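Peer 1: start-v2.cif is reproduced in full below (mmCIF, C-alpha atoms).
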```cif
data_model
loop_
_atom_site.label_atom_id
_atom_site.label_comp_id
_atom_site.auth_asym_id
_atom_site.auth_seq_id
_atom_site.Cartn_x
_atom_site.Cartn_y
_atom_site.Cartn_z
CA MET A 1 18.26 22.72 -17.62
CA LYS A 2 17.83 19.52 -15.62
CA HIS A 3 14.85 17.25 -16.20
CA GLN A 4 12.66 17.57 -13.12
CA ILE A 5 11.19 14.29 -11.82
CA VAL A 6 8.75 14.58 -8.94
CA VAL A 7 7.58 11.51 -6.99
CA LEU A 8 4.48 11.95 -4.85
CA GLY A 9 4.31 9.65 -1.85
CA ALA A 10 7.05 7.72 -0.03
CA GLY A 11 5.34 4.46 0.70
CA TYR A 12 6.64 1.17 -0.68
CA ALA A 13 5.87 2.25 -4.26
CA GLY A 14 7.00 5.86 -4.17
CA ALA A 15 10.18 5.27 -2.18
CA ASN A 16 11.23 2.41 -4.43
CA ALA A 17 10.51 4.45 -7.55
CA ALA A 18 12.61 7.40 -6.36
CA ALA A 19 15.52 5.20 -5.29
CA ARG A 20 15.57 3.26 -8.54
CA LEU A 21 15.39 6.43 -10.64
CA ALA A 22 18.40 7.78 -8.75
CA LYS A 23 20.35 4.68 -9.69
CA ARG A 24 19.34 4.82 -13.35
CA LEU A 25 19.75 8.52 -14.19
CA HIS A 26 22.78 10.79 -14.04
CA PRO A 27 22.41 13.65 -11.52
CA ALA A 28 23.98 16.07 -13.98
CA ASP A 29 20.88 15.75 -16.17
CA THR A 30 18.03 15.06 -13.75
CA GLU A 31 16.74 16.22 -10.39
CA ILE A 32 14.52 13.87 -8.36
CA THR A 33 12.23 15.26 -5.66
CA LEU A 34 10.33 12.93 -3.33
CA VAL A 35 7.32 14.59 -1.68
CA ASN A 36 5.79 13.05 1.44
CA ALA A 37 3.67 14.37 4.31
CA ASP A 38 5.23 12.12 6.96
CA ALA A 39 8.89 12.53 7.90
CA GLU A 40 9.31 8.77 8.24
CA PHE A 41 8.78 5.77 6.03
CA VAL A 42 5.75 3.87 7.34
CA GLU A 43 5.73 0.08 7.19
CA ARG A 44 2.10 -0.15 6.23
CA VAL A 45 2.11 -3.95 6.29
CA ARG A 46 2.75 -3.74 10.05
CA MET A 47 -0.07 -1.39 11.04
CA HIS A 48 -1.88 -4.21 12.86
CA GLN A 49 1.24 -4.61 14.99
CA LEU A 50 1.45 -0.89 15.72
CA ALA A 51 -2.21 -0.87 16.74
CA THR A 52 -1.63 -3.61 19.31
CA GLY A 53 1.17 -1.84 21.13
CA GLN A 54 4.26 -2.93 19.20
CA ASP A 55 6.74 -0.18 18.35
CA LEU A 56 8.17 -0.05 14.85
CA LYS A 57 11.69 0.97 13.90
CA PRO A 58 11.76 4.65 12.88
CA ARG A 59 13.14 5.37 9.42
CA ALA A 60 13.54 9.09 8.72
CA LEU A 61 13.27 9.75 4.99
CA THR A 62 16.03 12.36 5.07
CA ASP A 63 18.37 9.75 6.55
CA VAL A 64 17.22 7.03 4.17
CA PHE A 65 17.89 9.11 1.05
CA ALA A 66 20.98 10.94 2.29
CA GLY A 67 23.67 10.74 -0.36
CA THR A 68 21.43 9.19 -3.02
CA GLY A 69 20.73 12.37 -4.96
CA VAL A 70 17.02 12.23 -4.10
CA ARG A 71 15.74 15.46 -2.55
CA VAL A 72 13.14 14.84 0.16
CA ARG A 73 10.48 17.51 0.58
CA LEU A 74 8.20 17.10 3.59
CA ALA A 75 4.83 18.45 2.52
CA ARG A 76 1.25 17.38 1.97
CA VAL A 77 0.03 17.28 -1.63
CA THR A 78 -3.18 19.27 -2.06
CA ALA A 79 -3.62 19.32 -5.85
CA VAL A 80 -2.09 18.30 -9.14
CA ASP A 81 -2.46 20.32 -12.35
CA ALA A 82 -1.66 17.77 -15.03
CA ASP A 83 -1.97 20.34 -17.83
CA ARG A 84 0.30 22.98 -16.27
CA LYS A 85 2.53 20.19 -14.91
CA THR A 86 2.56 21.51 -11.36
CA VAL A 87 1.86 20.12 -7.89
CA ASP A 88 0.41 22.20 -5.04
CA VAL A 89 1.73 21.34 -1.57
CA ILE A 90 1.56 22.59 2.01
CA GLY A 91 4.65 22.17 4.17
CA ALA A 92 6.09 23.63 7.33
CA ASP A 93 6.91 26.80 5.39
CA GLY A 94 3.36 27.16 4.11
CA PRO A 95 1.82 26.51 0.67
CA GLY A 96 4.00 26.05 -2.37
CA GLU A 97 4.10 24.82 -5.94
CA ILE A 98 6.43 22.28 -7.55
CA ALA A 99 6.88 22.09 -11.31
CA TYR A 100 7.73 18.81 -13.00
CA ASP A 101 8.75 17.40 -16.35
CA THR A 102 7.88 13.84 -15.28
CA LEU A 103 5.55 12.97 -12.42
CA VAL A 104 5.37 9.67 -10.55
CA TYR A 105 2.08 9.55 -8.65
CA ALA A 106 2.26 7.16 -5.69
CA LEU A 107 -0.09 8.62 -3.10
CA GLY A 108 -1.50 5.20 -2.27
CA SER A 109 -4.82 4.54 -0.58
CA THR A 110 -6.73 4.93 2.63
CA ALA A 111 -9.59 3.09 4.31
CA ALA A 112 -12.88 3.02 2.42
CA ASP A 113 -16.11 3.36 4.38
CA CYS A 114 -18.03 1.72 1.50
CA GLY A 115 -20.83 4.22 2.07
CA VAL A 116 -21.84 2.54 5.33
CA PRO A 117 -23.32 5.00 7.83
CA GLY A 118 -21.43 5.40 11.09
CA VAL A 119 -18.05 4.13 9.88
CA ALA A 120 -16.40 7.55 9.91
CA GLU A 121 -17.89 8.45 13.29
CA HIS A 122 -17.67 5.21 15.22
CA ALA A 123 -15.14 2.84 13.61
CA HIS A 124 -11.34 2.66 13.66
CA ASP A 125 -9.08 1.59 10.80
CA ILE A 126 -5.44 0.59 10.35
CA ALA A 127 -4.86 2.00 6.88
CA GLY A 128 -2.20 4.42 8.11
CA LYS A 129 0.06 5.27 11.04
CA GLN A 130 -2.15 7.89 12.68
CA SER A 131 -5.30 5.77 12.49
CA ALA A 132 -3.41 2.74 13.84
CA LEU A 133 -2.14 4.84 16.74
CA ARG A 134 -5.68 6.03 17.48
CA LEU A 135 -6.83 2.42 17.64
CA ARG A 136 -3.85 1.62 19.85
CA GLY A 137 -4.92 4.30 22.30
CA ARG A 138 -8.50 3.03 22.32
CA LEU A 139 -7.40 -0.54 22.96
CA ASP A 140 -5.12 0.63 25.76
CA ASP A 141 -8.15 2.19 27.45
CA LEU A 142 -10.19 -0.99 27.09
CA ALA A 143 -10.39 -3.38 30.02
CA GLY A 144 -12.34 -6.37 28.75
CA GLY A 145 -15.14 -6.25 26.22
CA THR A 146 -15.51 -7.08 22.54
CA VAL A 147 -13.59 -5.87 19.51
CA LEU A 148 -15.37 -6.39 16.20
CA VAL A 149 -13.29 -6.46 13.02
CA VAL A 150 -15.32 -5.92 9.85
CA GLY A 151 -13.94 -7.40 6.62
CA GLY A 152 -12.91 -10.75 5.24
CA GLY A 153 -9.62 -10.04 3.47
CA LEU A 154 -5.97 -10.14 4.44
CA THR A 155 -6.07 -6.94 6.51
CA ALA A 156 -9.10 -8.12 8.48
CA ILE A 157 -7.57 -11.51 9.24
CA GLU A 158 -4.27 -9.99 10.35
CA ALA A 159 -5.98 -7.38 12.51
CA ALA A 160 -8.30 -9.86 14.23
CA THR A 161 -5.59 -12.42 14.99
CA GLU A 162 -3.07 -9.81 16.14
CA ILE A 163 -5.55 -8.22 18.55
CA ALA A 164 -6.69 -11.61 19.84
CA GLU A 165 -3.14 -12.74 20.52
CA ALA A 166 -1.94 -9.44 22.05
CA ARG A 167 -5.05 -8.95 24.17
CA PRO A 168 -6.39 -12.29 25.48
CA ASP A 169 -8.58 -10.29 27.90
CA LEU A 170 -10.68 -9.12 24.95
CA ASP A 171 -13.31 -11.02 22.96
CA VAL A 172 -12.52 -10.63 19.27
CA ALA A 173 -15.11 -11.15 16.54
CA LEU A 174 -14.77 -11.01 12.77
CA ALA A 175 -17.70 -10.13 10.47
CA ALA A 176 -17.36 -10.75 6.73
CA ARG A 177 -19.79 -10.33 3.86
CA GLY A 178 -18.72 -13.72 2.49
CA GLY A 179 -16.53 -16.49 3.79
CA VAL A 180 -13.32 -15.59 5.60
CA GLY A 181 -10.31 -16.77 3.60
CA ASP A 182 -12.50 -18.80 1.25
CA TRP A 183 -10.21 -17.95 -1.69
CA LEU A 184 -7.32 -19.84 -0.12
CA SER A 185 -6.31 -23.44 -0.76
CA GLU A 186 -7.88 -26.18 1.36
CA LYS A 187 -4.70 -26.55 3.42
CA ALA A 188 -4.54 -22.83 4.14
CA GLN A 189 -8.24 -22.61 4.98
CA GLN A 190 -7.98 -25.46 7.45
CA HIS A 191 -5.01 -23.86 9.17
CA LEU A 192 -6.81 -20.52 9.28
CA ARG A 193 -9.82 -22.09 11.02
CA LYS A 194 -7.57 -23.73 13.58
CA ALA A 195 -5.91 -20.40 14.29
CA PHE A 196 -9.27 -18.70 14.79
CA GLY A 197 -10.28 -21.45 17.19
CA ARG A 198 -7.00 -21.31 19.09
CA LEU A 199 -7.32 -17.56 19.52
CA GLY A 200 -11.01 -17.70 20.41
CA ILE A 201 -12.14 -15.50 17.53
CA THR A 202 -15.90 -15.53 16.84
CA LEU A 203 -16.75 -15.60 13.13
CA HIS A 204 -19.83 -13.95 11.59
CA GLU A 205 -19.59 -15.07 7.98
CA ASP A 206 -22.03 -14.16 5.19
CA THR A 207 -22.86 -11.12 7.30
CA ASP A 208 -23.34 -7.74 5.69
CA ILE A 209 -22.76 -4.78 8.02
CA VAL A 210 -25.07 -1.89 7.08
CA ARG A 211 -24.47 0.51 9.96
CA VAL A 212 -21.87 1.09 12.68
CA GLU A 213 -23.01 2.43 16.03
CA PRO A 214 -21.12 3.47 19.18
CA ALA A 215 -21.82 0.11 20.81
CA GLY A 216 -21.59 -2.25 17.84
CA ALA A 217 -22.64 -2.89 14.27
CA VAL A 218 -26.01 -3.59 12.66
CA THR A 219 -26.35 -6.36 10.07
CA ALA A 220 -28.51 -6.43 6.95
CA ASP A 221 -30.98 -8.78 8.63
CA GLY A 222 -31.46 -6.39 11.54
CA ARG A 223 -29.21 -8.02 14.16
CA THR A 224 -26.80 -6.02 16.27
CA ILE A 225 -23.33 -7.37 16.97
CA PRO A 226 -22.28 -5.68 20.22
CA ALA A 227 -18.74 -4.28 20.43
CA GLN A 228 -16.91 -1.70 22.46
CA VAL A 229 -14.59 -1.12 19.50
CA THR A 230 -15.27 -1.66 15.79
CA VAL A 231 -12.31 -1.93 13.40
CA TRP A 232 -13.23 -1.30 9.76
CA THR A 233 -11.09 -3.21 7.28
CA ALA A 234 -13.61 -3.72 4.48
CA GLY A 235 -11.60 -2.16 1.69
CA PHE A 236 -9.38 0.65 0.48
CA ALA A 237 -10.00 3.83 -1.50
CA VAL A 238 -7.50 6.07 -3.25
CA HIS A 239 -7.01 9.70 -2.34
CA PRO A 240 -9.36 11.97 -4.35
CA ILE A 241 -6.59 14.19 -5.71
CA ALA A 242 -6.22 12.38 -9.04
CA ALA A 243 -9.97 12.39 -9.69
CA ALA A 244 -9.96 16.20 -9.38
CA THR A 245 -7.46 16.51 -12.24
CA THR A 246 -7.77 16.10 -16.00
CA LEU A 247 -5.99 12.75 -15.74
CA ARG A 248 -8.06 9.82 -16.91
CA VAL A 249 -9.15 7.86 -13.84
CA SER A 250 -11.26 4.77 -13.27
CA ALA A 251 -14.55 4.60 -11.37
CA THR A 252 -12.46 3.96 -8.26
CA GLY A 253 -10.43 7.15 -8.76
CA GLN A 254 -7.27 5.28 -9.74
CA ILE A 255 -5.16 6.70 -12.56
CA VAL A 256 -5.55 4.55 -15.67
CA VAL A 257 -2.13 3.55 -16.98
CA ASP A 258 -0.79 1.39 -19.78
CA GLU A 259 1.51 -1.62 -19.49
CA THR A 260 4.47 0.71 -18.76
CA MET A 261 2.67 2.44 -15.82
CA ARG A 262 2.26 5.57 -17.96
CA SER A 263 -0.98 7.57 -17.84
CA VAL A 264 -3.11 6.89 -20.89
CA SER A 265 -4.12 10.57 -21.00
CA HIS A 266 -0.93 12.41 -19.96
CA PRO A 267 2.36 10.83 -21.15
CA ASP A 268 4.46 12.78 -18.65
CA VAL A 269 2.63 11.18 -15.70
CA TYR A 270 3.22 7.69 -14.31
CA ALA A 271 1.19 6.09 -11.52
CA VAL A 272 2.28 3.17 -9.34
CA GLY A 273 1.00 1.16 -6.41
CA ASP A 274 -2.57 1.48 -5.13
CA ALA A 275 -3.04 4.81 -6.94
CA ALA A 276 -2.91 3.14 -10.37
CA LEU A 277 -5.33 0.98 -12.29
CA ALA A 278 -2.50 -0.96 -13.84
CA PRO A 279 -2.22 -4.18 -15.85
CA GLY A 280 0.13 -6.95 -14.79
CA GLY A 281 2.17 -9.10 -17.09
CA ASN A 282 -0.92 -11.08 -18.14
CA GLY A 283 -3.00 -7.95 -18.77
CA ALA A 284 -5.28 -8.36 -15.75
CA PRO A 285 -5.48 -5.44 -13.29
CA LEU A 286 -3.09 -5.57 -10.35
CA ARG A 287 -4.64 -5.70 -6.88
CA MET A 288 -3.92 -3.10 -4.22
CA SER A 289 -1.00 -4.50 -2.27
CA CYS A 290 2.69 -4.15 -1.49
CA ALA A 291 3.18 -7.12 -3.82
CA SER A 292 1.92 -4.93 -6.68
CA GLY A 293 3.34 -1.61 -5.55
CA VAL A 294 7.03 -2.48 -5.47
CA PRO A 295 7.28 -4.17 -8.89
CA SER A 296 5.11 -1.48 -10.50
CA ALA A 297 7.46 1.16 -9.05
CA HIS A 298 10.51 -0.67 -10.37
CA LEU A 299 8.96 -0.98 -13.81
CA ALA A 300 7.92 2.70 -13.95
CA ALA A 301 11.40 3.84 -12.92
CA ASP A 302 13.08 1.61 -15.49
CA VAL A 303 10.67 2.80 -18.21
CA ILE A 304 11.21 6.48 -17.38
CA ALA A 305 14.98 5.99 -17.39
CA ALA A 306 14.82 4.09 -20.67
CA ARG A 307 12.73 6.77 -22.37
CA LEU A 308 14.95 9.58 -21.13
CA THR A 309 18.20 7.86 -22.07
CA GLY A 310 17.05 6.45 -25.40
CA ARG A 311 17.21 2.80 -24.45
CA GLU A 312 14.87 -0.13 -24.98
CA ILE A 313 11.60 -0.03 -23.02
CA PRO A 314 11.45 -2.95 -20.55
CA GLU A 315 8.59 -5.43 -20.73
CA ASN A 316 5.87 -5.66 -18.09
CA LYS A 317 6.32 -9.07 -16.44
CA ILE A 318 4.61 -8.29 -13.12
CA GLY A 319 3.05 -11.35 -11.52
CA TYR A 320 2.43 -12.76 -8.07
CA THR A 321 4.18 -15.47 -6.07
CA ALA A 322 2.41 -15.63 -2.71
CA GLN A 323 -0.14 -14.15 -0.37
CA CYS A 324 1.30 -13.70 3.11
CA ILE A 325 -1.04 -13.61 6.11
CA SER A 326 0.25 -13.23 9.65
CA LEU A 327 -1.83 -14.82 12.40
CA GLY A 328 -0.20 -13.11 15.35
CA ARG A 329 3.55 -13.18 15.95
CA ARG A 330 4.11 -16.93 15.93
CA ASP A 331 1.79 -18.15 13.20
CA ALA A 332 1.11 -17.34 9.57
CA VAL A 333 -0.08 -18.66 6.23
CA ILE A 334 2.06 -18.27 3.12
CA GLN A 335 -0.28 -19.18 0.29
CA TRP A 336 1.60 -19.87 -2.93
CA VAL A 337 -0.19 -18.49 -5.96
CA THR A 338 0.11 -18.49 -9.73
CA PRO A 339 1.40 -15.34 -11.48
CA ASP A 340 -2.25 -14.29 -11.97
CA ASP A 341 -2.86 -14.61 -8.20
CA GLN A 342 -4.77 -17.90 -8.15
CA PRO A 343 -4.02 -20.16 -5.15
CA LYS A 344 -1.93 -23.26 -5.59
CA PRO A 345 -2.62 -26.34 -3.43
CA SER A 346 0.57 -25.75 -1.43
CA ALA A 347 1.01 -23.38 1.50
CA VAL A 348 3.48 -22.85 4.34
CA THR A 349 1.80 -22.56 7.74
CA GLY A 350 2.57 -22.26 11.45
CA ARG A 351 5.91 -21.05 12.83
CA MET A 352 7.69 -21.64 9.55
CA GLY A 353 5.09 -19.47 7.83
CA ALA A 354 5.57 -16.78 10.49
CA ARG A 355 9.35 -16.80 10.00
CA LEU A 356 8.96 -16.56 6.24
CA LYS A 357 6.42 -13.72 6.52
CA GLU A 358 8.74 -11.82 8.85
CA MET A 359 11.65 -12.30 6.46
CA ILE A 360 9.56 -10.92 3.58
CA CYS A 361 8.47 -7.88 5.62
CA LYS A 362 12.02 -7.19 6.77
CA SER A 363 13.29 -7.53 3.22
CA ALA A 364 10.78 -4.97 1.96
CA ALA A 365 11.73 -2.54 4.73
CA TRP A 366 15.45 -3.15 4.14
CA SER A 367 15.06 -2.19 0.51
CA ILE A 368 13.61 1.15 1.60
CA SER A 369 16.23 1.75 4.31
CA HIS A 370 19.04 0.95 1.88
CA PRO A 371 17.97 2.60 -1.39
CA THR A 372 21.41 2.07 -2.89
CA GLY A 373 20.86 -1.60 -2.11
CA MET A 374 22.59 -4.43 -3.87
CA MET A 375 21.56 -3.34 -7.36
CA PRO A 376 24.49 -1.71 -9.17
CA SER A 377 24.14 1.94 -10.14
CA ARG A 378 24.07 2.58 -13.86
CA ARG A 379 23.52 6.31 -14.03
CA ARG A 380 23.13 7.20 -17.67
CA HIS A 381 22.86 10.59 -19.30
CA THR A 382 19.62 11.68 -20.89
CA VAL A 383 19.32 12.29 -24.62
CA ARG A 384 17.72 15.21 -26.43
CA ALA A 385 14.25 14.66 -27.83
CA GLY A 386 15.57 14.53 -31.36
CA ASP A 387 18.33 12.06 -30.60
CA SER A 388 16.23 8.94 -30.17
CA HIS A 389 12.66 7.86 -30.77
CA ALA A 390 12.86 5.98 -27.44
CA VAL A 391 12.54 9.23 -25.49
CA THR A 392 8.85 9.55 -26.41
CA ALA A 393 8.07 5.99 -27.49
#
```
Starting from the file, lay out its structure as structure tokens.
Peer 2:
Amino acid sequence: MKHQIVVLGAGYAGANAAARLAKRLHPADTEITLVNADAEFVERVRMHQLATGQDLKPRALTDVFAGTGVRVRLARVTAVDADRKTVDVIGADGPGEIAYDTLVYALGSTAADCGVPGVAEHAHDIAGKQSALRLRGRLDDLAGGTVLVVGGGLTAIEAATEIAEARPDLDVALAARGGVGDWLSEKAQQHLRKAFGRLGITLHEDTDIVRVEPAGAVTADGRTIPAQVTVWTAGFAVHPIAAATTLRVSATGQIVVDETMRSVSHPDVYAVGDAALAPGGNGAPLRMSCASGVPSAHLAADVIAARLTGREIPENKIGYTAQCISLGRRDAVIQWVTPDDQPKPSAVTGRMGARLKEMICKSAAWSISHPTGMMPSRRRHTVRAGDSHAVTA
């Protein structure tokens, strides 16, 4: 009987994990099923572009994985039973159940309301395709007025600058609990401030938003920042499915994994991307990002293949190189960082930064669209449990 590998989620992490597994394992011994609710791969790093009216290239998952040996099942995951080793799903043909021998959990994250009243009712987010499209429709209906972006991280900066550039008829404001971009190098911070000034973005730094209302947001000191549209980009939260299982999860609901991306409580489960509380090569937890998701997916796939085929377990060497921040279509900051994500003094800015950011985004999407890629296939047969200690090591 074939070893059943089920991958949940076809974002950057899940899609890369499924593709890499297909190149590492022989189809005579394994069957790989990729489960995803959306029929297309979504370039999540471009949701701010989608929200401002730019159309993204469609990439149907069935076309992407045609001929790879990966079976795509379009369905929404509703539950995971980590003890029975089954996944409950709802698809076009109704509810169903999928059994697995090895599970790769890559359901990612969504926008977090941080417990702030009014966010769910009155704010928009760009954490996914449908929410970005809803914001797009709202912006299309807006003729003048103010858009308030709440948050001080990469998503907030990209959303504010993209909206300001695409819609010069709107007043764009950015409210952050701390300083905007204050973790960047001096060079990058200076360029960021110039970009905000050029685009006419109003900054409300050291401003804690405690309530969102239909016509704006209320700060901790009682002020109201008026806005016709509020965009909430103050953080991400994982889907609650894992927390409802017997898997060990963190306080954030992420699956706790070891240095090989394997669940510390259930050895037949691996978690990658935003869904995992995972250590990098230096032992520190990886941050939620595409820069963490892809290498964690590659590592998990290589580890699973190694354990099933009785080969040496690869070492976790995941580290960071850069933080990429688009500032509209013609400007960006590429902040070089140390492997543990600390900023270096150097950064690439302006049009050169924008070209480099675009190249990185296109490269990530290309890897999904071409799962056979440039990496040679080395499809190896699995070994029986008694043949090698590496299978369960």
Peer 1: Enter the distance from CA of Gly350 in chain A to CA of Leu199 in chain A, in Å, rounded to one decimal.
Peer 2: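 CA of Gly350 in chain A sits 13.6 Å away from CA of Leu199 in chain A.
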Peer 1: Report as number ranges by chain all protein, DNA and RNA residues lying within 7 Å of Asp125 in chain A, evaluated on only C-alpha atoms, omitting residues in the same chain fewer than 5 positions from it.
Peer 2: A: 111, 131-132, 231-233
Peer 1: How far is it from CA of Phe236 in chain A to CA of Asp274 in chain A, in Å with one decimal?
Peer 2: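 Distance between the two atoms: 8.9 Å.
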Peer 1: Kindly give the distance, in Å, that separates CA of Arg198 in chain A and CA of Ala127 in chain A, rounded to a single decimal.
Peer 2: 26.4 Å
Peer 1: List the residues matched by the PyMOL selection byres ((chain A and resi 95-108) around 7) in the displayed structure as a CSV table (one decimal) with C-alpha atoms, keeping the file's coordinate frame, ordered by chain and then by residue number.
Peer 2:
```csv
chain,number,residue,atom,x,y,z
A,3,HIS,CA,14.8,17.2,-16.2
A,4,GLN,CA,12.7,17.6,-13.1
A,5,ILE,CA,11.2,14.3,-11.8
A,6,VAL,CA,8.8,14.6,-8.9
A,7,VAL,CA,7.6,11.5,-7.0
A,8,LEU,CA,4.5,12.0,-4.8
A,9,GLY,CA,4.3,9.6,-1.8
A,13,ALA,CA,5.9,2.2,-4.3
A,14,GLY,CA,7.0,5.9,-4.2
A,85,LYS,CA,2.5,20.2,-14.9
A,86,THR,CA,2.6,21.5,-11.4
A,87,VAL,CA,1.9,20.1,-7.9
A,88,ASP,CA,0.4,22.2,-5.0
A,89,VAL,CA,1.7,21.3,-1.6
A,90,ILE,CA,1.6,22.6,2.0
A,91,GLY,CA,4.6,22.2,4.2
A,93,ASP,CA,6.9,26.8,5.4
A,94,GLY,CA,3.4,27.2,4.1
A,109,SER,CA,-4.8,4.5,-0.6
A,238,VAL,CA,-7.5,6.1,-3.2
A,268,ASP,CA,4.5,12.8,-18.6
A,269,VAL,CA,2.6,11.2,-15.7
A,270,TYR,CA,3.2,7.7,-14.3
A,271,ALA,CA,1.2,6.1,-11.5
A,272,VAL,CA,2.3,3.2,-9.3
A,273,GLY,CA,1.0,1.2,-6.4
A,274,ASP,CA,-2.6,1.5,-5.1
A,275,ALA,CA,-3.0,4.8,-6.9
```
Peer 1: Using the chain letters and numbers from the file, give me the residues hit by the PyMOL selection byres ((chain A and resi 129) around 9), as a ChimeraX atom specification.
Peer 2: /A:42-44,47,50-51,126-128,130-134
Peer 1: Would you translate the PyMOL selection byres ((chain A and resi 339) around 10) into the concrete set of residues it matches in this file, as a PyMOL selection string?
Peer 2: chain A and resi 280-282+317-322+336-338+340-343
Peer 1: Counting all atoms listed in the file, find the residues whose atoms lie at most 9 Å from (3.3, -23.9, 0.6) (file coordinates) and write them out as number ranges by chain.
Peer 2: A: 187-188, 322, 333-336, 344-349, 353
Peer 1: Write the residues of the preceding selection, restricted to C-alpha atoms, as a compact mmCIF listing (two decimals), in the frame of the given file.
Peer 2:
```txt
# COMPACT_ATOMS: atom_id res chain seq x y z
CA LYS A 187 -4.70 -26.55 3.42
CA ALA A 188 -4.54 -22.83 4.14
CA ALA A 322 2.41 -15.63 -2.71
CA VAL A 333 -0.08 -18.66 6.23
CA ILE A 334 2.06 -18.27 3.12
CA GLN A 335 -0.28 -19.18 0.29
CA TRP A 336 1.60 -19.87 -2.93
CA LYS A 344 -1.93 -23.26 -5.59
CA PRO A 345 -2.62 -26.34 -3.43
CA SER A 346 0.57 -25.75 -1.43
CA ALA A 347 1.01 -23.38 1.50
CA VAL A 348 3.48 -22.85 4.34
CA THR A 349 1.80 -22.56 7.74
CA GLY A 353 5.09 -19.47 7.83
```
Peer 1: Select, from A:Ser250, A:Thr309, A:Thr219, A:Thr207, the residue with the minimum atom-to-atom distance to Pro117 in chain A, counting all atoms listed in the file.
Peer 2: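 Among the listed residues, the smallest separation from Pro117 in chain A belongs to A:Thr219.
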Peer 1: Give as a list in words every residue, naming chains and numbers as the document does, that has an atom within 12 Å of (14.7, 16.1, 0.2), counting all atoms listed in the file.
Peer 2: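 Checking each residue against the 12 Å limit leaves Val6, Val7, Ala10, Ala15, Ala18, Glu31, Ile32, Thr33, Leu34, Val35, Asn36, Ala37, Ala39, Ala60, Leu61, Thr62, Asp63, Val64, Phe65, Ala66, Gly67, Thr68, Gly69, Val70, Arg71, Val72, Arg73, Leu74 and Ala75 of chain A.
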Peer 1: Could you write out the selected residues, including C-alpha atoms, as a PDB file, in the coordinates of the input?
Peer 2:
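Result saved to out38.pdb:
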```pdb
ATOM      1  CA  VAL A   6       8.750  14.580  -8.940  1.00  0.00           C
ATOM      2  CA  VAL A   7       7.580  11.510  -6.990  1.00  0.00           C
ATOM      3  CA  ALA A  10       7.050   7.720  -0.030  1.00  0.00           C
ATOM      4  CA  ALA A  15      10.180   5.270  -2.180  1.00  0.00           C
ATOM      5  CA  ALA A  18      12.610   7.400  -6.360  1.00  0.00           C
ATOM      6  CA  GLU A  31      16.740  16.220 -10.390  1.00  0.00           C
ATOM      7  CA  ILE A  32      14.520  13.870  -8.360  1.00  0.00           C
ATOM      8  CA  THR A  33      12.230  15.260  -5.660  1.00  0.00           C
ATOM      9  CA  LEU A  34      10.330  12.930  -3.330  1.00  0.00           C
ATOM     10  CA  VAL A  35       7.320  14.590  -1.680  1.00  0.00           C
ATOM     11  CA  ASN A  36       5.790  13.050   1.440  1.00  0.00           C
ATOM     12  CA  ALA A  37       3.670  14.370   4.310  1.00  0.00           C
ATOM     13  CA  ALA A  39       8.890  12.530   7.900  1.00  0.00           C
ATOM     14  CA  ALA A  60      13.540   9.090   8.720  1.00  0.00           C
ATOM     15  CA  LEU A  61      13.270   9.750   4.990  1.00  0.00           C
ATOM     16  CA  THR A  62      16.030  12.360   5.070  1.00  0.00           C
ATOM     17  CA  ASP A  63      18.370   9.750   6.550  1.00  0.00           C
ATOM     18  CA  VAL A  64      17.220   7.030   4.170  1.00  0.00           C
ATOM     19  CA  PHE A  65      17.890   9.110   1.050  1.00  0.00           C
ATOM     20  CA  ALA A  66      20.980  10.940   2.290  1.00  0.00           C
ATOM     21  CA  GLY A  67      23.670  10.740  -0.360  1.00  0.00           C
ATOM     22  CA  THR A  68      21.430   9.190  -3.020  1.00  0.00           C
ATOM     23  CA  GLY A  69      20.730  12.370  -4.960  1.00  0.00           C
ATOM     24  CA  VAL A  70      17.020  12.230  -4.100  1.00  0.00           C
ATOM     25  CA  ARG A  71      15.740  15.460  -2.550  1.00  0.00           C
ATOM     26  CA  VAL A  72      13.140  14.840   0.160  1.00  0.00           C
ATOM     27  CA  ARG A  73      10.480  17.510   0.580  1.00  0.00           C
ATOM     28  CA  LEU A  74       8.200  17.100   3.590  1.00  0.00           C
ATOM     29  CA  ALA A  75       4.830  18.450   2.520  1.00  0.00           C
TER      30      ALA A  75
END
```
Peer 1: Quick one: residues within 8 Å of Gly145 in chain A, only C-alpha atoms counted, chain neighbours fewer than 3 positions away excluded, as a list of chain:residue names?
Peer 2: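 Here the answer would be A:Leu142, A:Asp169, A:Leu170, A:Asp171, A:Ala227, A:Gln228.
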Peer 1: Can you pull out every residue within 10 Å of Cys361 in chain A, counting only C-alpha atoms, but drop anything in the same chain fewer than 4 positions away, and send it as an NGL selection string?
Peer 2: :A and (43 or 45-46 or 290 or 324 or 355-357 or 365-366)
Peer 1: Extract range 245-249 of chain A from the structure I just pasted (atoms: N, CA and C atoms) and return it as an mmCIF file, in the first residue's frame.
Peer 2:
```cif
data_model
loop_
_atom_site.group_PDB
_atom_site.id
_atom_site.type_symbol
_atom_site.label_atom_id
_atom_site.label_comp_id
_atom_site.auth_asym_id
_atom_site.auth_seq_id
_atom_site.Cartn_x
_atom_site.Cartn_y
_atom_site.Cartn_z
ATOM 1 N N THR A 245 -7.158 20.514 17.902
ATOM 2 C CA THR A 245 -6.693 19.129 17.839
ATOM 3 C C THR A 245 -5.905 18.782 19.094
ATOM 4 N N THR A 246 -5.370 17.567 19.124
ATOM 5 C CA THR A 246 -4.503 17.163 20.229
ATOM 6 C C THR A 246 -3.042 17.497 19.951
ATOM 7 N N LEU A 247 -2.777 18.144 18.824
ATOM 8 C CA LEU A 247 -1.420 18.599 18.530
ATOM 9 C C LEU A 247 -0.991 19.631 19.571
ATOM 10 N N ARG A 248 0.275 19.614 19.901
ATOM 11 C CA ARG A 248 0.782 20.646 20.805
ATOM 12 C C ARG A 248 0.912 21.960 20.031
ATOM 13 N N VAL A 249 0.263 22.998 20.535
ATOM 14 C CA VAL A 249 0.321 24.304 19.890
ATOM 15 C C VAL A 249 0.806 25.341 20.893
#
```
